[in-house]
Every structure is written in structure tokens, then in C-alpha cells.
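To keep things clear, I will list the structure first and then write my remarks on it.
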Amino acid sequence: MATDLRPGRKGRRPAPPDGPPAARRTWRARLARLDVKGAPYAFISPFYLVFLIFGAFPLVYTLWVSLHDWGLASGEREWVGLDNYEYLLTDGDFWHATVNTLGIFALSTIPQLIIAMFLASQLNRTMRAPTLFRIGMVAPLITSTAAVAIVFAQLFDHDYGFVNWGLDLIGIGPIDWQVSRGWSWAAIATMVNWRWTGYNTLIFLAAMQAIPKDLYEAAAIDGASRIRQFWQITVPLLRPTIIFTVIISTIGGLQLFTEPVLFSVDTPNKMDGGALHQFQTITMYMFDNAFGDDRYGYGATVAWALFLMIIVFSLLNFLFIRRTGGAK
Amino acid sequence: MRATMRRGLSTAVAALLVGGLAVACGGDDGDDSGSGTIELTVDVFGEFGYDQLYKQYEASHPNIKIKQRKVSTLDDYKPRLQQWIATGSGAGDVVGIEEGLLPTYMQQSGKFVNLFDHGGKELEKNFLPWKWQMGVTPDGKQLVGLGTDIGPLGMCYRKDLFKAAGLPTERDEVSKLWPTWDAFLSTGQKFQQKQPKTKWLDGPTALLRATVLQGAGSGPGYSYFDKSNNLVFETNPSVKQAFDTVLKFEQAKLTADMSIFTPPWQTALKRDTFATLPCPSWMLGGIEEFSGEHGKGKWDVATVPGGSGYWGGSWLAVPKQTKHPKEAAELAKFLSSPQGQIGAFKDKNTFPSSPQAAQDPAVAEAKSPYFNDAPTGKIFSDMAAQVKPVHLGPKNEDVRQAVENVLIAVGQGKVKPEEAWSKAVEEAEKAAR
């Protein structure tokens with residue numbers, strides 16, 4: 001049994017009150033007790049207060065909005081119950097956007113984490129100027145997303161883009177990056193990968209450095225190859241970190257917004273994600289409904305659907321990663 | 001005692017919160033009211049041509065400083081304005097409202113200052129009757145917006161490219177080439193044979209907007225929505241006709257498949273990507289800005305095929321959230337006055353909605369040096385005289401975007417031309433939901 005180091009209740013409890021001085025003692029004792037018991041809550045309260053204002057309130061408010069036929073510009077506001085949710089379930093455009101989002105998510109997260117893991121294991125070896133290379137990894141992260149997206153949109157331009165020029169040199173015809181559904185996903189995923197791979201690399205690297213060296217030494221003495229060491233020691237010990245990066249990537253991936261918006265140069269409305277919505281993500285669809293098409297209520301419904309979707313996907317990913325890790 | 005303490009605690013928390021909010025709200029109270037100067041913000045999109053007018057106004061009103069915020073495309077401006085008006089903060093003291101957005105805001109005129117309270121009544125004679133009427137609420141009690149410009153249509157063309165293709169280059173002869181859109185199409189085909197590297201038109205979107213409004217003006221007086229705001233996209237013959245016209249140009253591969261004011265369109269203006277562009281008067285400012293040195297002296301303006309028509313035009317309104325309604329109303333009155341409209345026309349060719357301004361020699365006899373000294377004043381005045389107003393529904397812009405997307409997809413080869421109409425009907429219905 002663990003020793004209880006907290007001040008005992010019994011020891012501190014004052015004598016039963018009998019008269020004014022005792023009452024004052026009680027008051028002070030109570031204050032002291034409040035100090036001990038309440039202080040931790042007081043110290044963490046700023047986070048919860050901020051969360052309450054900027055996290056919980058908008059969440060509930062959005063739910064409230066989503067139950068209305070609500071237009072910001074027209075000023076319309078009518079209670080419609082679950083009608084918006086009913087429409088959402090059969091809304092082809094919403095599911096189209098969902099497929100786009102998941103497609104871009106798969107094309108970005110999976111290669112990204114694999115490359116990051118590889119880079120981290122390389123950076124973990126003895127090398128010259130390690131700090132330089134490690135800092136270099138976060139360089140894309142500190143570039144503004146908008147700048148990245150604008151540059152990449154130009155690289156992937158159909159007529160004057162660098163990528164098509166390069167493809168032309170090796171004899172492959174120009175690819176219509178904006179128009180084709182699959183290619184537009186690939187182009188957007190490239191932007192995301194370029195930006196976030198370094199971040200994940202550093203997280204993996206930090207976790208790898210926490211693995212005791214003697215594990216590897218022992219394995220090496222037993223004759224395990226580097227590859228075997230990686231799979232049998234590094235990966236299992238990195239499991240919590242992998243779960244963390246997967247969940248963070250899931251949340252980020254499902255909320256993808258800036259890159260596809262700025263990639264959208266062909267249509268007058270940037271939120272359309274191409275003429276046939278070929279790369280419109282859920283967040284773009286949400287924005288377009290709420291602020292473009294003056295369907296604030298329906299936009300809120302899409303927001304809630306996205307929220308639920310993120311929870312479900314994070315859970316699924318969590319279970320999946322724990323499973324695969326646990327089998328080792 | 002415990003209860004008192006709890007109450008004390010909650011009071012403290014409440015005080016803290018209120019204090020925090022007060023601090024947060026007090027932050028933007030930046031206009032130095034102490035020194036007596038008032039800063040007015042004007043929100044516009046595209047080209048309004050007000051830069052000189054601001055200087056003029058500041059000179060005659062030393063206590064006013066004017067700040068302009070400009071967004072280049074209307075479609076980017078729309079959601080911003082919507083958020084400002086809905087949340088009651090963020091909007092400028094004077095905001096530009098385009099004809100497609102005005103019907104939406106008319107539904108909540110309460111968010112705007114009634115300009116009748118600021119001497120708006122006397123201004124009626126300054127405007128074309130229909131332009132004035134559109135800025136007034138249906139019950140006639142509130143003046144929401146003062147008209148700025150209207151967009152009588154012309155057709156801009158590249159003189160140098162016409163010459164290379166063996167077409168006439170003088171604007172009168174060019175105008176004779178295309179009395180109708182069919183003639184415009186066949187001229188385009190001739191051009192395309194001689195100049196395969198340059199497309200005849202910029203894309204389907206400008207063409208659609210011009211032809212839809214033209215058809216509505218000469219026909220029923222409405223386009224996507226009838227006068228009781230029911231969607232009539234499928235049943236309005238003038239819409240179908242305009243759509244089919246655009247589709248013909250797409251099928252003949254005569255357009256560069258671009259949308260106006262998008263980045264590829266802006267880049268294309270610096271190259272010889274297309275030879276003609278439907279040109280409401282305000283478009284001239286856009287061409288001059290994006291074509292720059294490359295296009296100087298190469299562009300000219302002829303008449304538009306298919307008769308009269310206009311596209312675009314705006315109003316100035318004062319949101320109720322402004323802290324200086326009186327000063328903002330004065331500024332809006334100045335900018336929309338005949339003198340203000342003349343100034344804007346001189347700067348960016350935005351054609352006045354005020355007959356007095358349109359008759360002023362500064363407008364009527366104006367020539368545009370950038371466009372080979374084209375007599376823009378005369379070309380657009382002639383057109384403006386024939387313009388008939390078109391009713392636009394509150395969801396007009398959403399339907400327009402959706403239909404334009406279908407035509408862009410046709411150009412990209414993703415929608416078959418024969419399926420385009422039914423796809424457009426479907427998208428229009430979703431957008432008007």
C-alpha cells in the first residue's frame with residue numbers, strides 16, 4: 001500500500017466549536033483547507049475557463065445553429081429541428097466532399113508518416129552537423145501556409161507550371177492538375193506532405209532518442225541486423241508517439257482548408273474546389289454553405305458532422321495502431 | 001458562510017470575465033476622437049475608381065481621414081461582407097454592394113442606416129429612376145443604397161491580333177462584324193483558323209453573364225429568378241437561349257476556358273491568350289490593371305453583339321454598426337453624387353448611374369488613352385440609354401456560380417455538352433435551395 005502523504009483530515013479537524021474564538025478558528029481552518037484543496041483547481045482553471053469560452057460554448061452554439069434554417073445575410077432564422085441533418089445524410093455534395101477529404105488525407109498522412117519515420121531513424125545515427133539537419137526539418141513548417149499554397153499552385157499550373165515542364169522534358173504529356181480529381185488530390189497532398197513531414201520527423205526523433213542505447217547494443221550482440229532492430233525495438237517503443245502523430249494528422253487532415261482553397265484558381269468561387277468540386281474538402285463545403293450560400297444553419301450542421309467524424313476516425317486509428325503494435 | 005464565500009468567488013470570476021471582455025472590446029476603439037479627426041473606412045471590390053475622390057474629400061473635410069479596403073473579386077468580397085453585417089462588427093463605414101448582393105441585403109435593411117434620414121430624399125433626381133428604385137426598400141420607407149455605376153456593355157478586342165488574323169481593326173467596322181452572337185461566333189471561327197494559338201474569347205463566364213442579362217433585359221425583365229423570387233432557371237427561355245449561345249462557343253473551342261478575375265485570367269491578360277472580352281464599362285479598369293504595359297494601345301472597344309445590355313453596377317450603403325453614421329452618409333452622398341461619379345469614371349471608366357454625370361462633357365466626350373483613344377463616353381452612353389433593368393433574386397449569385405461551374409467543366413472536358421443543360425438545371429436547383 002502506498003503511503004498517504006496528504007495532510008490527514010482527522011489530524012487537522014479543529015475541536016468542536018464552543019464559543020466565538022472557536023468559530024474564528026474554524027473560519028481560518030476552513031480557509032487553510034480551501035487553500036490546500038482548492039489551489040490546484042484554481043491554478044488549472046484558466047485553461048478550463050478559456051476552453052469553456054472558446055471551445056465548449058462554440059460547440060454548443062453551433063449545435064443550436066444547426067437546428068435552424070438560419071441565414072446570415074438574409075437575416076432569416078427559423079427552427080427546423082433535425083431537418084438539416086436529414087438533408088445532410090442524402091446530400092451528394094457533402095459525401096462527395098467527404099470522399100475528397102479522405103482521399104487527400106490518405107495520400108498525405110500515410111506517405112508522410114512513413115517518410116518521417118525513415119528520416120528520423122537516419123537523423124538518429126551519428127552524423128556531422130546534426131543540429132543543422134534537424135533544424136532544417138522544421139523550415140517548411142515555419143513558412144506560411146498561404147505562401148506555400150500559392151507557390152505550389154503555380155508549380156502545378158497547367159500551362160506554365162514547373163511540374164508539367166519537367167514532365168514534358170522526360171516525355172510525359174502535361175497533366176491537368178486542377179481538373180482531374182485524382183491528380184488534384186495528389187497535388188494538394190504534396191503541399192501537405194512538404195509542410196508536415198519535418199514536424200513528424202522531429203517528434204519521432206525525440207522519441208527515438210529516449211530509447212536506451214543498451215537495448216540496441218544487446219540486440220547487436222545477439223546478432224540482430226539494423227532492420228530487425230528497427231522493427232523489433234524502435235517501432236514497438238515508439239507506439240505511443242505513433243498514436244500521437246496519427247491522431248494529430250487525422251485531426252489536421254480532416255480539417256484541411258487553406259491548401260485546397262488556394263489551389264483553387266480556375267473557378268470564380270474559391271470554395272468550390274474546382275468546377276465539379278473535385279477537390280472540395282468538408283471544411284470548404286462548410287464555409288461555402290455558411291458564408292457563401294447564406295445557409296449558416298446548414299454550415300453548422302456540416303461542422304457538427306465533421307466533429308463527429310473526427311472523433312470516430314481518431315478512435316478507429318487509435319484502435320488500429322494499438323492493435324498492430326500489440327501484435328508484435 | 002460557505003454560501004457567501006461561494007457567492008464571493010463567483011462574483012470574482014464574473015468580474016474577471018467582464019473585465020476581460022471589456023478589455024477585449026475596448027481594443028479597437030482606435031479612432032483618435034481626442035484630436036477631432038474621424039477615420040472612415042470604405043469597403044469595395046474590383047475597381048471603383050475612388051482614389052482621387054478620397055483625396056479631394058479629405059482636402060475639403062480636414063477632420064476626415066479615409067481608408068479604403070479593396071478585394072479584387074466579388075466572390076471573395078461576398079462572404080466577408082456577409083460576416084461583417086451578420087456579426088454587427090468589422091464592416092467599413094461605407095460599403096459597396098453589387099447588384100447581385102443587393103437583393104439579399106434588402107431582406108434585412110434594418111442592418112443599414114436609412115439614408116432618407118440624412119437628406120437622401122433630394123437626391124432622387126440625380127439617378128436613373130430604376131437605379132434609384134433598386135436602392136429603396138419595397139415599402140419605400142428606407143433608402144438603403146445610393147447608386148454608383150451601371151455597367152453598359154461593350155466588346156473589348158485586341159486590335160493587333162485582329163490585324164494579324166486579317167480582320168478589320170477600326171472599331172466601327174469591327175462593330176459591324178457582329179450584329180448578333182451568331183455573327184460573333186462565325187467571326188471567331190475565321191479568327192481561330194488564322195490564329196490557332198490565341199483563343200477568340202476568354203471563357204464561358206463573362207459571356208454567360210453578359211448574354212443572360214442581355215436576354216433578361218430585352219425579354220421578361222428577370223433571369224434566374226422571377227419577380228416573386230421563384231427559381232425559373234429551367235423555364236425562362238431567355239436563360240436557355242443565353243446558355244445555348246455560350247455552349248456553342250464552348251463546343252467550337254473558341255474560348256480559353258477562364259473565369260474573370262481568377263489568377264489564370266489575370267496572367268492571360270499579360271499574354272496573347274485571348275482576343276476578345278465582353279466589356280461592361282467597369283471591365284476597362286480591370287483590363288488596364290492586369291494587362292498593364294503589355295496591352296497598352298493594343299486593346300480597343302466595339303459594340304456588343306445582340307443589342308443592348310448591362311452587367312454589374314453597385315450601390316453604396318452605410319451599415320448601422322458604424323460609429324459615425326452622419327459622416328459616413330455624407331461621404332457616401334459625395335461619392336455617389338454626379339461629381340463623384342464623374343471622378344470615378346475618369347479614373348476607372350465606371351459608367352455613371354446619374355444622367356447629369358453621363359451628360360457631362362467629362363463623361364460624354366471622354367476618350368480612353370489606354371484603349372487607343374476609344375470614345376468610351378459615347379460608346380457606353382449610347383448603350384446606357386437603351387438599358388432596361390433586370391430583377392435579380394436574393395440567391396442570384398449562388399445560382400450564377402453553380403451554372404458557371406458547369407460551363408467551366410464543359411470546357412475542361414469533364415461534362416459533355418449535351419448533358420450540360422440538365423446538369424446546370426440540377427446545380428441551379430441545389431444552389432437556390
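Every chain in the C-alpha cells has a letter given in the order shown (A, B, ...), and although residue numbers restart at 1 in each chain, ligands are simply numbered from 1 in the order shown.
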For chain B, work out the contacting residues on chain A at 8 Å, counting only C-alpha atoms, and write them as a ChimeraX atom specification.
/A:72-75,179,265-270,274-276,291-293
Quick check for you: according to DSSP on this backbone, which residues of region 314-422 of chain B are classed as helix (DSSP H, G or I)? Reply as a ChimeraX atom specification.
/B:325-336,338-348,355-359,361-364,369-371,376-386,396-411,417-422
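In this model, the gap between CA of Asp93 (chain A) and CA of Phe279 (chain A) comes to 11.5 Å.
Nearest residue to Ala216 (chain B), choosing from B:Pro129, B:Pro338, B:Gly166, B:Gly307 and counting only C-alpha atoms: B:Gly307.
Here CA of Val138 (chain A) is placed at a distance of 26.4 Å from CA of Ile227 (chain A).
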Please provide the set of residues having any atom within 12 Å of Pro417 (chain B), restricted to only C-alpha atoms, with same-chain residues fewer than 6 positions apart removed, written as a PDB file with N, CA and C atoms, in the first residue's frame.
```
ATOM      1  N   PHE B 243     -27.661  30.348 -72.400  1.00  0.00           N
ATOM      2  CA  PHE B 243     -26.863  29.167 -72.074  1.00  0.00           C
ATOM      3  C   PHE B 243     -26.435  28.453 -73.358  1.00  0.00           C
ATOM      4  N   ASP B 244     -27.373  28.303 -74.281  1.00  0.00           N
ATOM      5  CA  ASP B 244     -27.059  27.620 -75.540  1.00  0.00           C
ATOM      6  C   ASP B 244     -26.030  28.395 -76.356  1.00  0.00           C
ATOM      7  N   THR B 245     -26.142  29.739 -76.314  1.00  0.00           N
ATOM      8  CA  THR B 245     -25.159  30.561 -77.023  1.00  0.00           C
ATOM      9  C   THR B 245     -23.758  30.263 -76.492  1.00  0.00           C
ATOM     10  N   VAL B 246     -23.626  30.284 -75.164  1.00  0.00           N
ATOM     11  CA  VAL B 246     -22.317  30.046 -74.567  1.00  0.00           C
ATOM     12  C   VAL B 246     -21.817  28.648 -74.934  1.00  0.00           C
ATOM     13  N   LEU B 247     -22.735  27.680 -74.881  1.00  0.00           N
ATOM     14  CA  LEU B 247     -22.365  26.299 -75.176  1.00  0.00           C
ATOM     15  C   LEU B 247     -21.811  26.159 -76.597  1.00  0.00           C
ATOM     16  N   LYS B 248     -22.389  26.950 -77.524  1.00  0.00           N
ATOM     17  CA  LYS B 248     -21.906  26.902 -78.912  1.00  0.00           C
ATOM     18  C   LYS B 248     -20.441  27.322 -78.977  1.00  0.00           C
ATOM     19  N   PHE B 249     -20.087  28.354 -78.228  1.00  0.00           N
ATOM     20  CA  PHE B 249     -18.693  28.813 -78.227  1.00  0.00           C
ATOM     21  C   PHE B 249     -17.781  27.761 -77.603  1.00  0.00           C
ATOM     22  N   GLU B 250     -18.308  27.081 -76.590  1.00  0.00           N
ATOM     23  CA  GLU B 250     -17.511  26.038 -75.943  1.00  0.00           C
ATOM     24  C   GLU B 250     -17.293  24.867 -76.898  1.00  0.00           C
ATOM     25  N   GLN B 251     -18.364  24.469 -77.581  1.00  0.00           N
ATOM     26  CA  GLN B 251     -18.251  23.320 -78.491  1.00  0.00           C
ATOM     27  C   GLN B 251     -17.331  23.630 -79.661  1.00  0.00           C
ATOM     28  N   ALA B 252     -17.332  24.895 -80.103  1.00  0.00           N
ATOM     29  CA  ALA B 252     -16.462  25.269 -81.210  1.00  0.00           C
ATOM     30  C   ALA B 252     -15.029  25.529 -80.735  1.00  0.00           C
ATOM     31  N   LYS B 253     -14.794  25.313 -79.436  1.00  0.00           N
ATOM     32  CA  LYS B 253     -13.468  25.517 -78.839  1.00  0.00           C
ATOM     33  C   LYS B 253     -12.936  26.922 -79.101  1.00  0.00           C
ATOM     34  N   VAL B 406     -20.603  24.618 -64.256  1.00  0.00           N
ATOM     35  CA  VAL B 406     -20.937  23.583 -65.238  1.00  0.00           C
ATOM     36  C   VAL B 406     -20.286  23.913 -66.574  1.00  0.00           C
ATOM     37  N   LEU B 407     -20.363  25.197 -66.960  1.00  0.00           N
ATOM     38  CA  LEU B 407     -19.783  25.578 -68.251  1.00  0.00           C
ATOM     39  C   LEU B 407     -18.253  25.476 -68.228  1.00  0.00           C
ATOM     40  N   ILE B 408     -17.651  25.790 -67.083  1.00  0.00           N
ATOM     41  CA  ILE B 408     -16.195  25.627 -66.975  1.00  0.00           C
ATOM     42  C   ILE B 408     -15.843  24.149 -67.132  1.00  0.00           C
ATOM     43  N   ALA B 409     -16.637  23.284 -66.500  1.00  0.00           N
ATOM     44  CA  ALA B 409     -16.384  21.842 -66.595  1.00  0.00           C
ATOM     45  C   ALA B 409     -16.557  21.340 -68.029  1.00  0.00           C
ATOM     46  N   VAL B 410     -17.479  21.938 -68.774  1.00  0.00           N
ATOM     47  CA  VAL B 410     -17.615  21.575 -70.186  1.00  0.00           C
ATOM     48  C   VAL B 410     -16.309  21.896 -70.907  1.00  0.00           C
ATOM     49  N   GLY B 411     -15.781  23.078 -70.644  1.00  0.00           N
ATOM     50  CA  GLY B 411     -14.526  23.481 -71.267  1.00  0.00           C
ATOM     51  C   GLY B 411     -13.377  22.565 -70.885  1.00  0.00           C
ATOM     52  N   LYS B 423     -27.429  19.167 -66.271  1.00  0.00           N
ATOM     53  CA  LYS B 423     -26.541  19.320 -65.117  1.00  0.00           C
ATOM     54  C   LYS B 423     -26.696  20.726 -64.521  1.00  0.00           C
ATOM     55  N   ALA B 424     -26.790  21.726 -65.408  1.00  0.00           N
ATOM     56  CA  ALA B 424     -26.938  23.107 -64.936  1.00  0.00           C
ATOM     57  C   ALA B 424     -28.253  23.285 -64.185  1.00  0.00           C
TER      58      ALA B 424
END
```
Find the residue from B:Trp200, B:Tyr224, B:Lys320, B:Gly217 that sits nearest to Thr187 (chain B); use only C-alpha atoms when measuring.
B:Trp200
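We find CA of Trp183 (chain A) and CA of Ile104 (chain A) to be spaced 10.2 Å apart.
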Contact residues around Ala206 (chain A) with only C-alpha atoms at 9 Å, ignoring same-chain residues under 4 positions, as a PyMOL selection string:
chain A and resi 120+124+201-202+210
Let me see the file: selected residues, C-alpha atoms, as an mmCIF file, in the first residue's frame.
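part_39.cif written:
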```
data_model
loop_
_atom_site.group_PDB
_atom_site.id
_atom_site.type_symbol
_atom_site.label_atom_id
_atom_site.label_comp_id
_atom_site.auth_asym_id
_atom_site.auth_seq_id
_atom_site.Cartn_x
_atom_site.Cartn_y
_atom_site.Cartn_z
ATOM 1 C CA ALA A 120 14.047 10.199 -38.120
ATOM 2 C CA ASN A 124 19.195 9.358 -35.144
ATOM 3 C CA THR A 201 10.238 13.589 -38.155
ATOM 4 C CA LEU A 202 11.276 15.689 -35.186
ATOM 5 C CA ALA A 210 14.606 8.427 -25.450
#
```
Please provide the set of residues having any atom within 10 Å of Glu76 (chain A), restricted to only C-alpha atoms, with same-chain residues fewer than 5 positions apart removed, written as a CSV table (one decimal) with C-alpha atoms, in the first residue's frame.
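See selection.csv below for the written result:
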```
chain,number,residue,atom,x,y,z
A,68,HIS,CA,-32.3,26.2,-37.6
A,69,ASP,CA,-32.8,27.5,-41.1
A,70,TRP,CA,-30.5,30.4,-40.5
A,71,GLY,CA,-29.2,32.9,-43.0
A,294,ASP,CA,-26.1,32.1,-46.9
A,295,ARG,CA,-27.1,28.8,-45.2
A,296,TYR,CA,-25.5,29.3,-41.8
B,107,GLN,CA,-34.2,41.5,-46.8
B,108,GLN,CA,-32.5,42.9,-43.7
```
For Lys227 (chain B), find every residue with an atom within 12 Å (counting only C-alpha atoms), except residues of its own chain fewer than 2 positions away, and show them as a list of chain:residue names.
B:Pro103, B:Ala216, B:Pro220, B:Gly221, B:Tyr222, B:Ser223, B:Tyr224, B:Phe225, B:Asn229, B:Asn230, B:Leu231, B:Val232, B:Val390, B:His391, B:Leu392, B:Gly393, B:Pro394
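Residues lying within 7 Å of Ala364 (chain B), counting only C-alpha atoms and ignoring same-chain neighbours fewer than 3 positions away, are B:Ala358, B:Gln359, B:Asp360, B:Pro361, B:Gly377, B:Lys378, B:Ser381.
Checking B:Gln68, B:Cys279, B:Glu47, B:Gly340 one by one against Ala206 (chain B), counting only C-alpha atoms, you find the shortest gap at B:Cys279.
Among the candidates B:Lys197, B:Gln192, B:Pro152, B:Glu170, the one nearest to Gln386 (chain B) when counting only C-alpha atoms is B:Pro152.
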